[in-house]
>>> print(open('entry-v3.txt').read())   # compact mmCIF, N, CA and C atoms
# COMPACT_ATOMS: atom_id res chain seq x y z
N MET F 1 32.30 54.14 37.58
CA MET F 1 32.72 55.34 38.28
C MET F 1 32.68 56.51 37.28
N ILE F 2 32.18 57.64 37.73
CA ILE F 2 32.06 58.82 36.88
C ILE F 2 33.24 59.74 37.16
N ARG F 3 33.91 60.18 36.12
CA ARG F 3 35.02 61.11 36.28
C ARG F 3 34.60 62.48 35.79
N PHE F 4 35.06 63.49 36.45
CA PHE F 4 34.77 64.85 36.08
C PHE F 4 35.92 65.39 35.23
N HIS F 5 35.60 65.84 34.05
CA HIS F 5 36.63 66.40 33.16
C HIS F 5 36.50 67.91 33.19
N ALA F 6 37.36 68.54 33.93
CA ALA F 6 37.30 69.99 34.11
C ALA F 6 37.57 70.73 32.80
N ASP F 7 38.37 70.16 31.92
CA ASP F 7 38.69 70.86 30.69
C ASP F 7 37.49 71.00 29.76
N ARG F 8 36.48 70.14 29.91
CA ARG F 8 35.26 70.28 29.08
C ARG F 8 34.41 71.47 29.48
N TYR F 9 34.50 71.87 30.70
CA TYR F 9 33.60 72.89 31.23
C TYR F 9 34.29 74.23 31.44
N ARG F 10 35.44 74.40 30.86
CA ARG F 10 36.13 75.68 30.97
C ARG F 10 35.43 76.73 30.12
N LEU F 11 35.53 77.96 30.54
CA LEU F 11 35.02 79.06 29.72
C LEU F 11 35.95 79.26 28.53
N MET F 12 35.38 79.78 27.47
CA MET F 12 36.19 80.01 26.28
C MET F 12 37.06 81.25 26.49
N THR F 13 38.22 81.22 25.94
CA THR F 13 39.09 82.39 25.95
C THR F 13 38.65 83.31 24.82
N PRO F 14 38.99 84.59 24.91
CA PRO F 14 38.60 85.51 23.83
C PRO F 14 39.06 85.06 22.45
N ALA F 15 40.13 84.35 22.37
CA ALA F 15 40.60 83.89 21.07
C ALA F 15 39.68 82.82 20.49
N GLN F 16 38.92 82.14 21.34
CA GLN F 16 38.03 81.07 20.89
C GLN F 16 36.60 81.55 20.59
N TRP F 17 36.32 82.79 20.93
CA TRP F 17 34.98 83.32 20.70
C TRP F 17 34.68 83.34 19.21
N PRO F 18 33.36 83.20 18.84
CA PRO F 18 33.02 83.31 17.42
C PRO F 18 33.23 84.74 16.93
N SER F 19 33.43 84.88 15.64
CA SER F 19 33.68 86.21 15.08
C SER F 19 32.41 87.06 15.18
N ARG F 20 32.61 88.35 15.07
CA ARG F 20 31.49 89.30 15.13
C ARG F 20 30.51 89.02 13.99
N GLU F 21 31.04 88.68 12.83
CA GLU F 21 30.19 88.38 11.67
C GLU F 21 29.31 87.16 11.94
N THR F 22 29.85 86.13 12.58
CA THR F 22 29.09 84.92 12.91
C THR F 22 27.98 85.25 13.92
N LEU F 23 28.30 86.05 14.91
CA LEU F 23 27.29 86.45 15.89
C LEU F 23 26.17 87.26 15.25
N MET F 24 26.51 88.15 14.34
CA MET F 24 25.50 88.97 13.67
C MET F 24 24.58 88.10 12.80
N LYS F 25 25.14 87.11 12.12
CA LYS F 25 24.32 86.20 11.32
C LYS F 25 23.37 85.40 12.21
N PHE F 26 23.88 84.95 13.34
CA PHE F 26 23.04 84.21 14.28
C PHE F 26 21.90 85.09 14.81
N LEU F 27 22.20 86.31 15.21
CA LEU F 27 21.17 87.22 15.72
C LEU F 27 20.14 87.55 14.65
N LEU F 28 20.58 87.74 13.42
CA LEU F 28 19.65 88.01 12.32
C LEU F 28 18.73 86.82 12.09
N ALA F 29 19.28 85.62 12.08
CA ALA F 29 18.46 84.42 11.87
C ALA F 29 17.47 84.23 13.02
N ALA F 30 17.92 84.46 14.25
CA ALA F 30 17.03 84.32 15.40
C ALA F 30 15.92 85.37 15.37
N SER F 31 16.26 86.59 14.97
CA SER F 31 15.25 87.65 14.88
C SER F 31 14.20 87.34 13.81
N LEU F 32 14.65 86.87 12.66
CA LEU F 32 13.71 86.53 11.59
C LEU F 32 12.80 85.38 12.00
N ALA F 33 13.35 84.38 12.66
CA ALA F 33 12.53 83.26 13.11
C ALA F 33 11.51 83.70 14.14
N SER F 34 11.91 84.57 15.05
CA SER F 34 10.98 85.08 16.07
C SER F 34 9.88 85.92 15.43
N ALA F 35 10.25 86.78 14.50
CA ALA F 35 9.25 87.62 13.83
C ALA F 35 8.27 86.78 13.05
N ALA F 36 8.76 85.75 12.38
CA ALA F 36 7.86 84.87 11.62
C ALA F 36 6.88 84.17 12.53
N ALA F 37 7.35 83.73 13.69
CA ALA F 37 6.46 83.06 14.64
C ALA F 37 5.41 84.01 15.20
N VAL F 38 5.81 85.24 15.50
CA VAL F 38 4.89 86.22 16.07
C VAL F 38 3.82 86.62 15.05
N PHE F 39 4.21 86.84 13.82
CA PHE F 39 3.26 87.30 12.82
C PHE F 39 2.41 86.18 12.24
N ALA F 40 2.81 84.94 12.40
CA ALA F 40 2.03 83.82 11.89
C ALA F 40 0.87 83.47 12.80
N VAL F 41 0.99 83.71 14.10
CA VAL F 41 -0.04 83.33 15.05
C VAL F 41 -1.36 84.05 14.80
N PRO F 42 -1.41 85.38 14.61
CA PRO F 42 -2.70 86.02 14.37
C PRO F 42 -3.39 85.53 13.10
N ALA F 43 -2.65 85.13 12.10
CA ALA F 43 -3.27 84.63 10.87
C ALA F 43 -4.04 83.35 11.13
N PHE F 44 -3.54 82.48 11.99
CA PHE F 44 -4.23 81.23 12.31
C PHE F 44 -5.36 81.46 13.29
N ALA F 45 -5.28 82.50 14.11
CA ALA F 45 -6.26 82.72 15.16
C ALA F 45 -7.53 83.39 14.64
N GLN F 46 -7.51 83.94 13.44
CA GLN F 46 -8.67 84.65 12.92
C GLN F 46 -9.75 83.69 12.48
N ASP F 47 -11.00 84.03 12.80
CA ASP F 47 -12.14 83.25 12.33
C ASP F 47 -12.62 83.82 11.00
N ALA F 48 -13.25 82.98 10.24
CA ALA F 48 -13.79 83.44 8.97
C ALA F 48 -15.15 84.09 9.22
N GLY F 49 -15.29 85.35 8.89
CA GLY F 49 -16.56 86.04 9.02
C GLY F 49 -16.75 86.71 10.37
N PRO F 50 -17.81 87.52 10.47
CA PRO F 50 -18.07 88.23 11.73
C PRO F 50 -18.61 87.28 12.80
N GLN F 51 -18.36 87.63 14.04
CA GLN F 51 -18.81 86.82 15.16
C GLN F 51 -20.13 87.36 15.70
N HIS F 52 -20.90 86.47 16.26
CA HIS F 52 -22.15 86.85 16.90
C HIS F 52 -21.82 87.65 18.16
N PRO F 53 -22.55 88.75 18.44
CA PRO F 53 -22.23 89.56 19.63
C PRO F 53 -22.40 88.80 20.95
N GLY F 54 -23.22 87.78 20.96
CA GLY F 54 -23.42 87.01 22.19
C GLY F 54 -22.28 86.05 22.49
N ARG F 55 -21.44 85.81 21.49
CA ARG F 55 -20.32 84.87 21.70
C ARG F 55 -19.38 85.37 22.79
N VAL F 56 -19.06 86.65 22.76
CA VAL F 56 -18.16 87.24 23.75
C VAL F 56 -18.77 87.12 25.15
N VAL F 57 -20.07 87.36 25.24
CA VAL F 57 -20.75 87.27 26.54
C VAL F 57 -20.71 85.84 27.06
N VAL F 58 -20.98 84.87 26.18
CA VAL F 58 -20.95 83.46 26.60
C VAL F 58 -19.55 83.07 27.04
N LEU F 59 -18.55 83.48 26.27
CA LEU F 59 -17.17 83.14 26.63
C LEU F 59 -16.77 83.75 27.97
N SER F 60 -17.20 84.98 28.23
CA SER F 60 -16.79 85.64 29.47
C SER F 60 -17.62 85.21 30.67
N LYS F 61 -18.87 84.84 30.47
CA LYS F 61 -19.74 84.50 31.59
C LYS F 61 -19.82 83.00 31.86
N CYS F 62 -20.08 82.22 30.83
CA CYS F 62 -20.34 80.79 31.02
C CYS F 62 -19.08 79.98 31.26
N PHE F 63 -17.98 80.40 30.63
CA PHE F 63 -16.75 79.60 30.73
C PHE F 63 -16.06 79.77 32.07
N GLN F 64 -16.62 80.57 32.96
CA GLN F 64 -16.09 80.64 34.32
C GLN F 64 -16.36 79.33 35.06
N CYS F 65 -17.45 78.65 34.70
CA CYS F 65 -17.83 77.41 35.38
C CYS F 65 -17.90 76.21 34.44
N HIS F 66 -18.20 76.42 33.15
CA HIS F 66 -18.46 75.33 32.22
C HIS F 66 -17.38 75.24 31.16
N THR F 67 -17.28 74.06 30.53
CA THR F 67 -16.40 73.88 29.38
C THR F 67 -17.26 73.94 28.11
N ASP F 68 -16.59 73.98 26.98
CA ASP F 68 -17.33 74.05 25.72
C ASP F 68 -18.08 72.76 25.41
N ALA F 69 -17.72 71.67 26.06
CA ALA F 69 -18.41 70.40 25.83
C ALA F 69 -19.88 70.49 26.23
N MET F 70 -20.18 71.28 27.25
CA MET F 70 -21.56 71.42 27.69
C MET F 70 -22.44 72.00 26.57
N PHE F 71 -21.90 72.94 25.83
CA PHE F 71 -22.67 73.58 24.78
C PHE F 71 -22.75 72.69 23.54
N ARG F 72 -21.65 72.02 23.22
CA ARG F 72 -21.64 71.15 22.05
C ARG F 72 -22.56 69.95 22.22
N ASP F 73 -22.58 69.38 23.42
CA ASP F 73 -23.34 68.16 23.67
C ASP F 73 -24.82 68.40 23.93
N GLN F 74 -25.15 69.58 24.41
CA GLN F 74 -26.53 69.86 24.81
C GLN F 74 -27.18 70.74 23.74
N ARG F 75 -27.81 70.14 22.75
CA ARG F 75 -28.47 70.87 21.67
C ARG F 75 -29.88 71.25 22.08
N GLN F 76 -30.16 72.57 22.09
CA GLN F 76 -31.49 73.06 22.47
C GLN F 76 -31.86 74.23 21.56
N ASP F 77 -33.14 74.54 21.51
CA ASP F 77 -33.54 75.73 20.77
C ASP F 77 -33.31 76.97 21.65
N ARG F 78 -33.57 78.14 21.08
CA ARG F 78 -33.30 79.39 21.78
C ARG F 78 -34.06 79.49 23.11
N ARG F 79 -35.31 79.09 23.09
CA ARG F 79 -36.15 79.18 24.30
C ARG F 79 -35.60 78.30 25.43
N ALA F 80 -35.15 77.09 25.08
CA ALA F 80 -34.57 76.20 26.09
C ALA F 80 -33.25 76.74 26.61
N TRP F 81 -32.45 77.37 25.73
CA TRP F 81 -31.21 77.98 26.20
C TRP F 81 -31.50 79.14 27.14
N GLU F 82 -32.53 79.92 26.83
CA GLU F 82 -32.89 81.02 27.72
C GLU F 82 -33.30 80.49 29.08
N ALA F 83 -34.06 79.39 29.10
CA ALA F 83 -34.44 78.78 30.38
C ALA F 83 -33.21 78.29 31.14
N THR F 84 -32.25 77.75 30.42
CA THR F 84 -31.01 77.30 31.05
C THR F 84 -30.25 78.47 31.65
N VAL F 85 -30.20 79.57 30.93
CA VAL F 85 -29.50 80.76 31.43
C VAL F 85 -30.21 81.29 32.67
N TYR F 86 -31.54 81.35 32.63
CA TYR F 86 -32.27 81.81 33.81
C TYR F 86 -32.10 80.86 35.01
N ARG F 87 -31.92 79.56 34.73
CA ARG F 87 -31.65 78.62 35.81
C ARG F 87 -30.30 78.95 36.47
N MET F 88 -29.34 79.39 35.66
CA MET F 88 -28.04 79.80 36.21
C MET F 88 -28.18 81.08 37.04
N VAL F 89 -29.07 81.96 36.62
CA VAL F 89 -29.34 83.17 37.40
C VAL F 89 -29.93 82.77 38.76
N GLY F 90 -30.80 81.78 38.76
CA GLY F 90 -31.37 81.28 40.02
C GLY F 90 -30.32 80.67 40.93
N ARG F 91 -29.20 80.23 40.34
CA ARG F 91 -28.12 79.65 41.14
C ARG F 91 -27.05 80.67 41.53
N GLY F 92 -27.31 81.93 41.20
CA GLY F 92 -26.40 82.97 41.67
C GLY F 92 -25.69 83.78 40.61
N ALA F 93 -25.90 83.48 39.33
CA ALA F 93 -25.24 84.25 38.27
C ALA F 93 -25.82 85.66 38.23
N LEU F 94 -24.96 86.64 38.06
CA LEU F 94 -25.38 88.04 38.03
C LEU F 94 -25.24 88.57 36.61
N TRP F 95 -26.33 88.46 35.84
CA TRP F 95 -26.34 88.92 34.46
C TRP F 95 -27.49 89.87 34.23
N THR F 96 -27.27 90.82 33.33
CA THR F 96 -28.33 91.77 32.98
C THR F 96 -29.28 91.11 31.98
N PRO F 97 -30.50 91.64 31.84
CA PRO F 97 -31.43 91.09 30.83
C PRO F 97 -30.86 91.16 29.40
N GLU F 98 -30.07 92.19 29.10
CA GLU F 98 -29.46 92.29 27.77
C GLU F 98 -28.45 91.16 27.55
N GLU F 99 -27.65 90.86 28.58
CA GLU F 99 -26.68 89.77 28.47
C GLU F 99 -27.40 88.43 28.31
N ILE F 100 -28.49 88.24 29.03
CA ILE F 100 -29.25 87.00 28.94
C ILE F 100 -29.81 86.83 27.53
N LYS F 101 -30.33 87.91 26.96
CA LYS F 101 -30.87 87.84 25.59
C LYS F 101 -29.77 87.53 24.59
N LEU F 102 -28.62 88.19 24.72
CA LEU F 102 -27.51 87.92 23.80
C LEU F 102 -27.03 86.48 23.91
N MET F 103 -26.91 85.98 25.14
CA MET F 103 -26.46 84.60 25.33
C MET F 103 -27.46 83.61 24.74
N ALA F 104 -28.75 83.81 25.00
CA ALA F 104 -29.77 82.90 24.47
C ALA F 104 -29.80 82.94 22.94
N ASP F 105 -29.68 84.13 22.36
CA ASP F 105 -29.66 84.25 20.90
C ASP F 105 -28.46 83.51 20.31
N TYR F 106 -27.29 83.72 20.90
CA TYR F 106 -26.09 83.06 20.38
C TYR F 106 -26.16 81.55 20.55
N LEU F 107 -26.52 81.09 21.73
CA LEU F 107 -26.58 79.65 21.98
C LEU F 107 -27.63 78.97 21.10
N GLY F 108 -28.76 79.64 20.89
CA GLY F 108 -29.79 79.09 20.02
C GLY F 108 -29.34 79.02 18.58
N ALA F 109 -28.55 80.03 18.14
CA ALA F 109 -28.08 80.05 16.75
C ALA F 109 -26.94 79.07 16.53
N GLU F 110 -26.00 79.01 17.44
CA GLU F 110 -24.81 78.17 17.26
C GLU F 110 -24.98 76.75 17.77
N TYR F 111 -25.73 76.58 18.84
CA TYR F 111 -25.88 75.27 19.47
C TYR F 111 -27.35 74.86 19.54
N GLY F 112 -28.11 75.26 18.53
CA GLY F 112 -29.52 74.91 18.46
C GLY F 112 -29.73 73.51 17.92
N THR F 113 -30.99 73.12 17.85
CA THR F 113 -31.32 71.78 17.39
C THR F 113 -31.21 71.64 15.87
N THR F 114 -31.19 72.77 15.15
CA THR F 114 -31.14 72.70 13.69
C THR F 114 -29.72 72.55 13.16
N LYS F 115 -28.72 72.95 13.95
CA LYS F 115 -27.32 72.83 13.51
C LYS F 115 -26.77 71.47 13.87
N PRO F 116 -26.00 70.84 12.99
CA PRO F 116 -25.39 69.55 13.33
C PRO F 116 -24.31 69.73 14.38
N ALA F 117 -24.13 68.71 15.20
CA ALA F 117 -23.08 68.75 16.24
C ALA F 117 -21.71 68.78 15.59
N THR F 118 -20.82 69.58 16.16
CA THR F 118 -19.46 69.68 15.64
C THR F 118 -18.52 68.95 16.56
N THR F 119 -17.43 68.51 16.00
CA THR F 119 -16.41 67.86 16.82
C THR F 119 -15.41 68.91 17.29
N PRO F 120 -14.79 68.72 18.45
CA PRO F 120 -13.82 69.71 18.94
C PRO F 120 -12.59 69.77 18.05
N ARG F 121 -12.00 70.95 17.97
CA ARG F 121 -10.81 71.13 17.14
C ARG F 121 -9.57 70.81 17.90
>>> encode(input="entry-v3.txt", output="structure tokens")
Amino acid sequence: MIRFHADRYRLMTPAQWPSRETLMKFLLAASLASAAAVFAVPAFAQDAGPQHPGRVVVLSKCFQCHTDAMFRDQRQDRRAWEATVYRMVGRGALWTPEEIKLMADYLGAEYGTTKPATTPR
């Protein structure tokens, strides 16, 4: 049988509240921990070196339907990637010729036949 102990769930009286100094120390510690977490995230998120301009286009266009596994597993040269992109245009993708060129250049450089396959992070 479960008994309810009302005295455990009472609100604290003002005499039982923590001191102002204790509350200030707690708020300072919580603020410092939050700031450290916020400022540490961008340091880990940065890539080393400049990014290929086609990367942004691939991320915004291709990832609407595909996952990154498709690119990692399917190693092709630039010309084959361009054919793949045009095949997507035939299936309804609305991309400009400049976007198609950027995507084919990026995919050929990053996921071409000359680069070794990478494992997911």
>>> residues_around(input="entry-v3.txt", residues="region 105-112 of chain F", least_positions_apart="6", cutoff="6 Å", atoms="all atoms listed in the file", output="PyMOL selection string")
chain F and resi 54-55+71+74-78
>>> closest_residue(input="entry-v3.txt", among="F:Met12, F:Ala35, F:Met88, F:Met24", to="Cys65 (chain F)", atoms="only C-alpha atoms")
F:Met88
>>> atom_distance(input="entry-v3.txt", atom1="atom N of Trp81 (chain F)", atom2="atom N of Thr113 (chain F)")
9.1 Å
